[in-house]
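Peer 1: Let me begin by handing over the structure; questions about it come next.
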Amino acid sequence: MPPKSASSRDRGRPRIGRAAADRQTQVQALARYAARARFEDLSAESRRQLPIHILDCLACCLAAPGAGPVNACRDQVREFGGGHGATLIGGGQANPVYAAFWHTVLVRYVDFMDNFLAPTETCHTADNFGVALTAAELAGGSGRDLMLGVAIGYTVQSRLVDHGDFMTRGFDHTAQLAFSHNAAAGRLLGLPEGQIANAIAMAAASDASFAVIRAKPLSQWKGLASAQSALGAMNTLFLARRGVQGPLRVVEGPFGLDNLLHMRLRVDWDHEGYEGVTTSTIKKYNAQIHTQSAIECILQLVAANTPRLDVAAGFDPGTIASIQAEVPQITYDFTGGGLYGLEKDVRTKEQADHDLRYLLAVAFLDRDVLPAQFAADRITRPDVQSLMTKVSARPNAAYTARYPQQMPAKITVRLKDGTTFSHEVQDYPGMPSHPFTWDDVTGKFDQLVAGRVDTDLATQIKAAVRSVENIQVKDLMTLLARVRAD
């Protein structure tokens, strides 16, 4: 992806000479990029999309409480997060290190948040939201400050995914958060370039995570690893503010990231904009990002062949001989049995939402894929367990060539009597080519918070985010603190 042009406020600034630029480490250049960021640098399209992504993040946060691992994290924050400075979603106070941890747990755990799609890997850009929210409140910031922090975090993480093959070399996509968390939080808290650089360097050197997190069999850590990154990053941020120094050559130095990635990781931060949100993809379905088109495809196929394939209208899934999905290579690798393997037995949420067989089977049966489809008693029910054994996937080279600009998928359903139904899609609502509207995201928000948040409070939260440019973050946090975390 080509670098963004410099903002108008930088056009009169003397350009840094090549020799001077070469003396700057990547961490120092990134710190300068973060420190110079201003709300006025955001494009009109970013300003339009940021409230949509912020509400999407909050929808995920408010849907998370109650899950076992989330409850464990809540208890951890209550026991060890004492202090002051940060309001918690769900009520109470904590020190900002543990508040950022908690807010990142909430946005990530349900696995319904947005993503950035690169040719060989991905990342959850919403993993930056909890840190930006916590830092913005701690700084006494405005809604515009929150928008800027989210924009910085999204851009930094997605540019690193775009420029470095982290997962190919065995790193998890949460590894880039050491850079993006402290770039955003450092700017919001007003730290100088040197302190931001040292904070990033310490976190990057010590908080790298491994791609085995995504390999089968999946564990609960899949939904919590980014929160650990937030915990580490915020800790190094405050150490840097106290004068602690880190390895500034963590990218270029001996045994640094360049060595581990087998490449030169270079982003031209001096000429990079803050437009990461405009390249981020919102999920329509509560499932792994690369399965979204396949789910959209099978739902369209069933809808187009109602009542012949509609379980609600009396169709017997036992008459299905097979369901075959053709998908891009990356979908196959993550969820269909390719590079990251295949689950032998799908019994947990973490396994189910990353298994294409389960996702297509439950979509066929329930006509949707939302959090309800990952309740323990739904996952283990005989109807879906039986149907998923008839689902298979294979990579399609033509689809792979069109990814990530498009995410094509084709579903073929064959009945035992020989009847065949087939359907193909090119993408799904939520991709940058087909971005969510405010109405789209409020519909998703209402689905996720129904029964969890009082209707009047939900309306107030939506109104606050809709006018986020004109509010203070403390006022938004006052609303979010009224939500029950139990």
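Scheme for the structure tokens: letters A, B, ... for chains in order shown; per-chain residue numbers from 1; ligand numbers from 1 in order shown.
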Between region 128-206 of chain A and region 247-264 of chain A, at 10 Å or less, what are the per-residue closest atom pairs and their distances in Å? Count only C-alpha atoms, order by chain and rising residue number, and return it as a tab-separated table.
Peer 2:
```
residue	atom	partner	partner_atom	distance
A:His163	CA	A:Arg264	CA	9.2
A:Gly164	CA	A:Leu261	CA	7.4
A:Asp165	CA	A:Leu261	CA	6.8
A:Phe166	CA	A:Leu261	CA	6.6
A:Met167	CA	A:Leu261	CA	9.3
A:Thr168	CA	A:Leu261	CA	8.3
A:Arg169	CA	A:Leu261	CA	5.9
A:Gly170	CA	A:Leu261	CA	8.9
A:Phe171	CA	A:Leu261	CA	9.0
A:Gly194	CA	A:Leu248	CA	9.7
A:Ala197	CA	A:Leu248	CA	6.9
A:Asn198	CA	A:Leu248	CA	6.5
A:Ala199	CA	A:Leu248	CA	9.3
A:Ile200	CA	A:Leu248	CA	8.3
A:Ala201	CA	A:Leu248	CA	5.4
A:Met202	CA	A:Pro247	CA	6.5
A:Ala203	CA	A:Pro247	CA	9.7
A:Ala204	CA	A:Val250	CA	7.1
A:Ala205	CA	A:Val250	CA	6.2
```
Peer 1: Within 9 Å of region 278-280 of chain A, counting only C-alpha atoms, which residues show up once you throw out same-chain ones fewer than 3 positions away? Write them as a compact mmCIF listing (two decimals) with N, CA, C and O atoms, in the first residue's frame, please.
Peer 2:
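File written: around38.txt
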```txt
# COMPACT_ATOMS: atom_id res chain seq x y z
N GLU A 45 -13.00 11.75 5.43
CA GLU A 45 -13.48 10.38 5.45
C GLU A 45 -13.12 9.69 6.76
O GLU A 45 -13.93 8.92 7.31
N SER A 46 -11.93 9.93 7.29
CA SER A 46 -11.58 9.38 8.59
C SER A 46 -12.52 9.90 9.67
O SER A 46 -12.99 9.14 10.53
N GLN A 49 -15.75 8.05 9.42
CA GLN A 49 -15.74 6.64 9.79
C GLN A 49 -15.36 6.38 11.25
O GLN A 49 -15.74 5.35 11.82
N LEU A 50 -14.62 7.27 11.87
CA LEU A 50 -14.16 7.02 13.24
C LEU A 50 -15.30 6.80 14.23
O LEU A 50 -15.26 5.85 15.02
N HIS A 53 -16.55 3.22 13.80
CA HIS A 53 -15.67 2.20 14.37
C HIS A 53 -15.64 2.27 15.89
O HIS A 53 -15.53 1.23 16.56
N ASP A 114 -13.29 -5.07 14.46
CA ASP A 114 -12.80 -4.84 13.10
C ASP A 114 -11.38 -5.36 12.90
O ASP A 114 -10.69 -5.76 13.84
N ASN A 115 -10.96 -5.38 11.63
CA ASN A 115 -9.68 -5.96 11.20
C ASN A 115 -9.06 -5.12 10.10
O ASN A 115 -9.74 -4.36 9.41
N PHE A 116 -7.77 -5.35 9.90
CA PHE A 116 -7.08 -4.89 8.70
C PHE A 116 -6.62 -6.13 7.94
O PHE A 116 -6.07 -7.06 8.53
N LEU A 117 -6.85 -6.14 6.64
CA LEU A 117 -6.53 -7.29 5.80
C LEU A 117 -5.31 -7.00 4.93
O LEU A 117 -5.31 -6.05 4.15
N HIS A 124 -6.25 -7.21 14.28
CA HIS A 124 -7.47 -6.60 14.78
C HIS A 124 -7.16 -5.17 15.17
O HIS A 124 -6.61 -4.91 16.24
N THR A 125 -7.50 -4.22 14.30
CA THR A 125 -7.21 -2.82 14.58
C THR A 125 -7.92 -2.34 15.85
O THR A 125 -7.42 -1.46 16.56
N TYR A 154 -4.74 2.59 14.91
CA TYR A 154 -5.15 1.81 13.74
C TYR A 154 -4.12 1.90 12.64
O TYR A 154 -3.79 0.90 11.99
N THR A 155 -3.61 3.10 12.39
CA THR A 155 -2.68 3.29 11.28
C THR A 155 -1.35 2.60 11.54
O THR A 155 -0.82 1.91 10.66
N SER A 158 -1.71 -1.29 11.31
CA SER A 158 -1.98 -1.77 9.95
C SER A 158 -0.78 -1.54 9.02
O SER A 158 -0.51 -2.36 8.14
N GLU A 275 -4.67 7.52 8.35
CA GLU A 275 -5.91 7.08 7.71
C GLU A 275 -6.21 5.60 7.89
O GLU A 275 -6.97 5.01 7.12
N GLY A 430 -19.02 -4.32 4.97
CA GLY A 430 -18.05 -4.09 6.04
C GLY A 430 -16.65 -3.90 5.53
O GLY A 430 -15.80 -3.30 6.21
N MET A 431 -16.35 -4.39 4.32
CA MET A 431 -15.04 -4.20 3.73
C MET A 431 -14.85 -2.73 3.32
O MET A 431 -15.83 -2.00 3.13
N PRO A 432 -13.60 -2.27 3.18
CA PRO A 432 -13.38 -0.87 2.78
C PRO A 432 -14.09 -0.49 1.48
O PRO A 432 -14.46 0.66 1.30
N SER A 433 -14.28 -1.47 0.59
CA SER A 433 -14.99 -1.19 -0.65
C SER A 433 -16.50 -1.08 -0.43
O SER A 433 -17.23 -0.63 -1.31
N PRO A 435 -18.07 -0.03 3.01
CA PRO A 435 -17.96 0.23 4.45
C PRO A 435 -19.30 0.35 5.15
O PRO A 435 -20.31 0.70 4.54
```
Peer 1: Give me, as a PDB file with N, CA, C and O atoms, in the first residue's frame, all polymer residues having an atom no more than 10 Å from Gly91 (chain A), counting only C-alpha atoms and skipping those fewer than 6 positions away in the same chain.
Peer 2:
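And here's around-v3.pdb as it stands now:
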```pdb
ATOM      1  N   MET A 477     -17.295   8.180  29.435  1.00  0.00           N
ATOM      2  CA  MET A 477     -16.966   7.173  30.445  1.00  0.00           C
ATOM      3  C   MET A 477     -18.004   7.138  31.562  1.00  0.00           C
ATOM      4  O   MET A 477     -18.258   6.074  32.141  1.00  0.00           O
ATOM      5  N   THR A 478     -18.605   8.268  31.880  1.00  0.00           N
ATOM      6  CA  THR A 478     -19.666   8.282  32.883  1.00  0.00           C
ATOM      7  C   THR A 478     -20.823   7.394  32.442  1.00  0.00           C
ATOM      8  O   THR A 478     -21.404   6.655  33.246  1.00  0.00           O
ATOM      9  N   LEU A 479     -21.152   7.445  31.163  1.00  0.00           N
ATOM     10  CA  LEU A 479     -22.210   6.581  30.634  1.00  0.00           C
ATOM     11  C   LEU A 479     -21.784   5.113  30.667  1.00  0.00           C
ATOM     12  O   LEU A 479     -22.544   4.234  31.084  1.00  0.00           O
ATOM     13  N   LEU A 480     -20.559   4.842  30.234  1.00  0.00           N
ATOM     14  CA  LEU A 480     -20.087   3.462  30.153  1.00  0.00           C
ATOM     15  C   LEU A 480     -19.915   2.836  31.535  1.00  0.00           C
ATOM     16  O   LEU A 480     -20.026   1.618  31.690  1.00  0.00           O
ATOM     17  N   ALA A 481     -19.676   3.651  32.536  1.00  0.00           N
ATOM     18  CA  ALA A 481     -19.540   3.134  33.906  1.00  0.00           C
ATOM     19  C   ALA A 481     -20.883   2.665  34.459  1.00  0.00           C
ATOM     20  O   ALA A 481     -20.914   1.905  35.432  1.00  0.00           O
ATOM     21  N   ARG A 482     -21.980   3.113  33.854  1.00  0.00           N
ATOM     22  CA  ARG A 482     -23.308   2.709  34.332  1.00  0.00           C
ATOM     23  C   ARG A 482     -23.700   1.332  33.825  1.00  0.00           C
ATOM     24  O   ARG A 482     -24.692   0.757  34.268  1.00  0.00           O
ATOM     25  N   VAL A 483     -22.936   0.794  32.876  1.00  0.00           N
ATOM     26  CA  VAL A 483     -23.221  -0.553  32.367  1.00  0.00           C
ATOM     27  C   VAL A 483     -22.748  -1.568  33.405  1.00  0.00           C
ATOM     28  O   VAL A 483     -21.673  -1.434  33.980  1.00  0.00           O
ATOM     29  N   ARG A 484     -23.545  -2.595  33.661  1.00  0.00           N
ATOM     30  CA  ARG A 484     -23.155  -3.630  34.618  1.00  0.00           C
ATOM     31  C   ARG A 484     -22.117  -4.556  34.003  1.00  0.00           C
ATOM     32  O   ARG A 484     -22.295  -5.049  32.889  1.00  0.00           O
ATOM     33  N   ALA A 485     -21.031  -4.795  34.735  1.00  0.00           N
ATOM     34  CA  ALA A 485     -19.978  -5.684  34.247  1.00  0.00           C
ATOM     35  C   ALA A 485     -20.224  -7.126  34.644  1.00  0.00           C
ATOM     36  O   ALA A 485     -19.505  -8.021  34.197  1.00  0.00           O
ATOM     37  N   ASP A 486     -21.183  -7.386  35.502  1.00  0.00           N
ATOM     38  CA  ASP A 486     -21.438  -8.759  35.981  1.00  0.00           C
ATOM     39  C   ASP A 486     -22.401  -9.458  35.064  1.00  0.00           C
ATOM     40  O   ASP A 486     -23.455  -8.923  34.765  1.00  0.00           O
TER      41      ASP A 486
END
```
Peer 1: Please, which residues of region 270-455 of chain A, numbered as in this document, come out strand (DSSP E) from DSSP, as an NGL selection string?
Peer 2: :A and (280-281 or 320-327 or 391-395 or 409-415 or 420-425)
Peer 1: Convert the current residue selection to file output with N, CA, C and O atoms, as a short mmCIF file (atom, residue, chain, number, x, y, z; two decimals), in the first residue's frame.
Peer 2:
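Now in result25.cif:
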```
data_model
loop_
_atom_site.label_atom_id
_atom_site.label_comp_id
_atom_site.auth_asym_id
_atom_site.auth_seq_id
_atom_site.Cartn_x
_atom_site.Cartn_y
_atom_site.Cartn_z
N SER A 280 -9.79 -0.25 7.39
CA SER A 280 -10.16 -1.29 8.33
C SER A 280 -11.53 -1.86 7.97
O SER A 280 -12.39 -1.17 7.45
N THR A 281 -11.70 -3.14 8.25
CA THR A 281 -12.89 -3.88 7.87
C THR A 281 -13.72 -4.23 9.09
O THR A 281 -13.20 -4.82 10.04
N ILE A 320 -28.70 -33.50 3.35
CA ILE A 320 -27.51 -32.90 2.74
C ILE A 320 -26.39 -33.93 2.66
O ILE A 320 -26.07 -34.59 3.65
N ALA A 321 -25.82 -34.06 1.49
CA ALA A 321 -24.67 -34.95 1.31
C ALA A 321 -23.36 -34.23 1.60
O ALA A 321 -22.45 -34.79 2.21
N SER A 322 -23.27 -32.95 1.16
CA SER A 322 -22.03 -32.21 1.37
C SER A 322 -22.28 -30.71 1.21
O SER A 322 -23.20 -30.29 0.50
N ILE A 323 -21.44 -29.94 1.89
CA ILE A 323 -21.36 -28.49 1.70
C ILE A 323 -19.89 -28.18 1.44
O ILE A 323 -19.04 -28.44 2.29
N GLN A 324 -19.61 -27.66 0.27
CA GLN A 324 -18.22 -27.36 -0.08
C GLN A 324 -18.04 -25.86 -0.24
O GLN A 324 -18.84 -25.18 -0.89
N ALA A 325 -16.97 -25.34 0.37
CA ALA A 325 -16.64 -23.91 0.27
C ALA A 325 -15.35 -23.73 -0.50
O ALA A 325 -14.35 -24.40 -0.22
N GLU A 326 -15.38 -22.84 -1.48
CA GLU A 326 -14.16 -22.40 -2.17
C GLU A 326 -13.84 -21.01 -1.68
O GLU A 326 -14.69 -20.12 -1.71
N VAL A 327 -12.60 -20.81 -1.21
CA VAL A 327 -12.24 -19.58 -0.51
C VAL A 327 -10.82 -19.18 -0.87
O VAL A 327 -10.05 -19.98 -1.41
N VAL A 391 -19.13 -30.55 5.91
CA VAL A 391 -18.59 -29.32 5.34
C VAL A 391 -17.10 -29.49 5.08
O VAL A 391 -16.36 -30.01 5.92
N SER A 392 -16.66 -29.05 3.92
CA SER A 392 -15.24 -29.06 3.58
C SER A 392 -14.89 -27.76 2.88
O SER A 392 -15.76 -27.04 2.39
N ALA A 393 -13.60 -27.45 2.85
CA ALA A 393 -13.14 -26.21 2.21
C ALA A 393 -11.93 -26.49 1.34
O ALA A 393 -11.16 -27.44 1.62
N ARG A 394 -11.76 -25.70 0.32
CA ARG A 394 -10.55 -25.79 -0.50
C ARG A 394 -10.20 -24.40 -1.00
O ARG A 394 -11.07 -23.56 -1.25
N PRO A 395 -8.91 -24.12 -1.15
CA PRO A 395 -8.50 -22.81 -1.66
C PRO A 395 -8.74 -22.70 -3.16
O PRO A 395 -8.59 -23.68 -3.90
N ALA A 409 -16.02 -15.89 -2.40
CA ALA A 409 -16.33 -17.21 -1.83
C ALA A 409 -17.41 -17.86 -2.67
O ALA A 409 -18.26 -17.17 -3.24
N LYS A 410 -17.37 -19.18 -2.74
CA LYS A 410 -18.40 -19.94 -3.45
C LYS A 410 -18.81 -21.11 -2.57
O LYS A 410 -17.96 -21.81 -2.02
N ILE A 411 -20.11 -21.31 -2.43
CA ILE A 411 -20.64 -22.42 -1.64
C ILE A 411 -21.46 -23.32 -2.56
O ILE A 411 -22.30 -22.84 -3.33
N THR A 412 -21.22 -24.62 -2.46
CA THR A 412 -21.99 -25.61 -3.20
C THR A 412 -22.60 -26.60 -2.21
O THR A 412 -21.87 -27.24 -1.44
N VAL A 413 -23.93 -26.69 -2.21
CA VAL A 413 -24.65 -27.63 -1.35
C VAL A 413 -25.18 -28.76 -2.22
O VAL A 413 -25.89 -28.51 -3.21
N ARG A 414 -24.82 -29.98 -1.88
CA ARG A 414 -25.30 -31.16 -2.62
C ARG A 414 -26.19 -31.99 -1.72
O ARG A 414 -25.82 -32.30 -0.57
N LEU A 415 -27.37 -32.35 -2.23
CA LEU A 415 -28.28 -33.20 -1.49
C LEU A 415 -28.04 -34.66 -1.86
O LEU A 415 -27.45 -34.97 -2.90
N THR A 420 -28.20 -30.07 -6.64
CA THR A 420 -27.07 -29.22 -6.28
C THR A 420 -27.50 -27.75 -6.28
O THR A 420 -28.20 -27.30 -7.20
N PHE A 421 -27.07 -27.01 -5.28
CA PHE A 421 -27.29 -25.57 -5.19
C PHE A 421 -25.93 -24.90 -5.06
O PHE A 421 -25.08 -25.35 -4.28
N SER A 422 -25.71 -23.84 -5.82
CA SER A 422 -24.42 -23.17 -5.79
C SER A 422 -24.61 -21.65 -5.82
O SER A 422 -25.56 -21.14 -6.42
N HIS A 423 -23.71 -20.95 -5.13
CA HIS A 423 -23.79 -19.48 -5.09
C HIS A 423 -22.39 -18.94 -4.87
O HIS A 423 -21.54 -19.56 -4.23
N GLU A 424 -22.15 -17.74 -5.40
CA GLU A 424 -20.84 -17.08 -5.29
C GLU A 424 -21.03 -15.62 -4.90
O GLU A 424 -21.98 -14.96 -5.35
N VAL A 425 -20.12 -15.09 -4.05
CA VAL A 425 -20.09 -13.66 -3.73
C VAL A 425 -18.67 -13.16 -3.92
O VAL A 425 -17.72 -13.94 -3.91
#
```
Peer 1: Any idea what's packed within 10 Å of region 445-459 of chain A, counting only C-alpha atoms, ignoring anything in its chain fewer than 2 positions away? Could you give it as a ChimeraX atom specification?
Peer 2: /A:55-65,112,370-372,439-443,461-464,479-480,482-486
Peer 1: Could you tell me which of A:Gly243, A:His290, A:Arg78, A:Ala184 comes closest to Gly92 (chain A) if we count only C-alpha atoms?
Peer 2: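 With only C-alpha atoms as the atom set, the closest residue is A:Arg78.
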Peer 1: What separation in Å, quoted to one decimal, exists between CA of Ser142 (chain A) and CA of Val473 (chain A)?
Peer 2: 5.3 Å
Peer 1: What is the distance between CA of Cys73 (chain A) and CA of Ala99 (chain A), in Å to one decimal?
Peer 2: 10.9 Å
Peer 1: Excluding same-chain residues fewer than 6 positions from region 309-313 of chain A, what lies within 9 Å of it counting only C-alpha atoms, as a PyMOL selection string?
Peer 2: chain A and resi 301-303+364-367
Peer 1: Deliver the residues from the most recent selection as a file, using C-alpha atoms, as a tab-separated table (two decimals), in the first residue's frame.
Peer 2:
```tsv
chain	number	residue	atom	x	y	z
A	301	LEU	CA	-27.80	-19.26	-0.98
A	302	VAL	CA	-30.34	-20.42	1.62
A	303	ALA	CA	-32.41	-17.24	1.23
A	364	PHE	CA	-27.14	-22.80	7.53
A	365	LEU	CA	-29.16	-23.98	10.53
A	366	ASP	CA	-29.67	-20.67	12.39
A	367	ARG	CA	-29.59	-18.19	9.49
```
Peer 1: Between A:Asp377, A:Asp417, A:Glu137, A:Glu193, single out the one closest to Ala240 (chain A), counting only C-alpha atoms.
Peer 2: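 Closest residue, counting only C-alpha atoms: A:Glu193.
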Peer 1: For region 211-214 of chain A, list every protein, DNA or RNA residue within 12 Å, evaluated using only C-alpha atoms, and leave out those in the same chain fewer than 6 positions away; present the list as number ranges by chain.
Peer 2: A: 121-123, 165-175, 220-226, 288, 333-335, 339-343, 350-351, 353-355
Peer 1: With only C-alpha atoms as the atoms that count, which of A:Gln373, A:Ala227, A:Ile295, A:Arg187 lies nearest to Val70 (chain A)?
Peer 2: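 Once distances to Val70 (chain A) are computed over only C-alpha atoms, the minimum belongs to A:Ala227.
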Peer 1: Separation of CA of Val468 (chain A) and CA of Gly153 (chain A), in Å?
Peer 2: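 Result for CA of Val468 (chain A) versus CA of Gly153 (chain A): 17.6 Å, one decimal.
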Peer 1: Rank nothing, just name the residue among A:Ala100, A:Ala94, A:Leu42, A:Val27 nearest to Ala233 (chain A), using only C-alpha atoms.
Peer 2: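 That would be A:Ala100, the residue with the smallest distance to Ala233 (chain A).
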